[in-house]
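For reference, the structure is listed below as structure tokens.
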Amino acid sequence: MLAYALAIAGEPHNVSSDSPTQVIYADREALLVFRATVLRVLAGPDAGRSVELPAARATVGSAADNDLVLRDESVSRHHLEIQVHDRGYLVRDLDSTNGTYYRGARIREALLRVSGEIRLGATVLRFEQGKEHSGSVSARASFGRLVGSAPAMQQVYGVLAAVAPTDVTVLIEGETGTGKELVAEQLHRQSARASYPFSVIDCGALSESLIESELFGHEKGAFTGAVGERVGIFEKTRGGTVFLDEIGELPLHLQTRLLRVLDQRTIRRVGSNVQRKVDVRLVAATNRKLDDEVAAGRFRQDLLYRLSVVKIRLPPLRRRKEDIRELARNFLLQAGAIDPDAVLSEALLEVLRNRRWPGNVRELRNVVERAMVMADAAGLDAMDAVQETDVSRVAPADAHDAHGAHHGEHGGGAMRGEGQSDDERLAQQGWLARAMPAGYLDRPYKHTREALLEQFDTLYLGRLVDRHGTNISAIARDAEIDRHVARRLLRKLGLYE
């Protein structure tokens, strides 16, 4: 019974009747509240019976291995399945002989709330609230390799601690760079599957033909170029965890095939008619709003239901700025810094706290590692000055500045007048010279050029991300570059997963 809804930190909340399990805050204490679900028989041979559903997935039928066993002769051996998640109770008919009915209509599946009723044969079942249990979620500064003690992260840790030991499917939502893959890895590392493989597939980085083969495998001769058989990721990861990053990019026909993996735990290789059993836990992630994708017809609603048995929303870095010091220090230690505190001066931390961070934690990591390479905090202050420079404020004031006609921008002889300071000479060399951090021109050509180009890319593409989010097509169209180039540049800068 593991469906989660994250409450707002520091605010008291009542448990929603639609969410059997929540992390809530009461008097600023984090509590994990669990409400059991009771399935009551209202009519039929077993009228009056009730059972508390023990897990996120339960079955009903006449066979003895069901969670609710019915004596009704018109009920199939395995008649229906119930999944509990953050939106209610997903009831799915298991190809029963006489069908499952909701509000008089035969259904393949339906999403029910508390007090919802279904009929199978002569039996009527109703979902009811069970007893409520709660326990404190201990405060912590980390969860595995996840670092940060902000209230928003405390909520995430509470859910992770409860979910990690189970096998339920998890959907991780969050902006690019918030650490979705790291969360998936920690779910795996702290589960009973930790000694088995952890496999990652980026659904947005592979072509449609390649991703089908990567996921499900193929037989020899299945298509042109298939010179041998290939074992797909679901077979290869037997016993472990499969992480599907950018699940919103998965083509519709492959979404249908993924449903079978979640429903029946079987796959069929490309070019084969043989169904193969798989044993994996599935964790998916997206930076899209999948509800909007469903409304637009680009994502299957039934797949969204299966994926969001547990939904975890990661906060962006701008909502957990109190974690910046600890995150930066941790990244510096990982990068081999002997004394991270020598790099993280108060002046530098102020710069870090005032940034927009469109690339979130990944962008922070890239920035502090550059600070270490440049050997001092002033180096990062300088880079930040270049990134945050508004070209419109420092653009040439007149045509002379714009073209360098009277300032010797291309010659330099007029710049070396006697009695002029370095600052005075730079002021005459145009807007780029005036924006140049101190000491940059004294560095080797290659290093200076790479640093300036990287800052330009970060500034230019960062503004496009502010404008379009992570819509690659819109960014590429605005910048007048190819989509693949845009995606590569954004990934290089830590602005896109």
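Lettering and numbering for the structure tokens are positional, with chains as A, B, ... in the shown order, residues counted from 1 in each chain, and ligands counted from 1 in the shown order.
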Within 8 Å of Thr176 in chain A, counting only C-alpha atoms, which residues qualify if same-chain residues fewer than 2 places away don't, as a list in words? Gly174, Thr178, Gly179, Asn287, Gly359, Asn360, Thr470, Leu495, Tyr496 and Glu497 of chain A
Mind checking which residues fall within 10 Å of Gln186 in chain A, counting only C-alpha atoms, ignoring those fewer than 5 positions away in the same chain, and posting them as a list in words? Phe143, Gly144, Arg145, Leu146, Leu160, Ala161, Ala164, Lys180, Glu181, Ser191 and Ala194 of chain A
For Arg193 in chain A, please output as a count of residues only all residues within 7 Å (counting only C-alpha atoms; exclusion window: fewer than 4 positions along the same chain). 3
Give the alpha helix (DSSP H) residues of range 164-338 of chain A, as DSSP finds them on the backbone, and put them as a PyMOL selection string. chain A and resi 180-189+208-216+233-236+252-264+290-295+301-307+324-334
Could you give me, as a list in words, the residues within 12 Å of Val294 in chain A, counting only C-alpha atoms and dropping anything in the same chain fewer than 5 positions from it? Gly248, Leu252, Arg288, Lys289, Phe299, Arg300, Gln301, Asp302, Leu303, Leu304 and Tyr305 of chain A
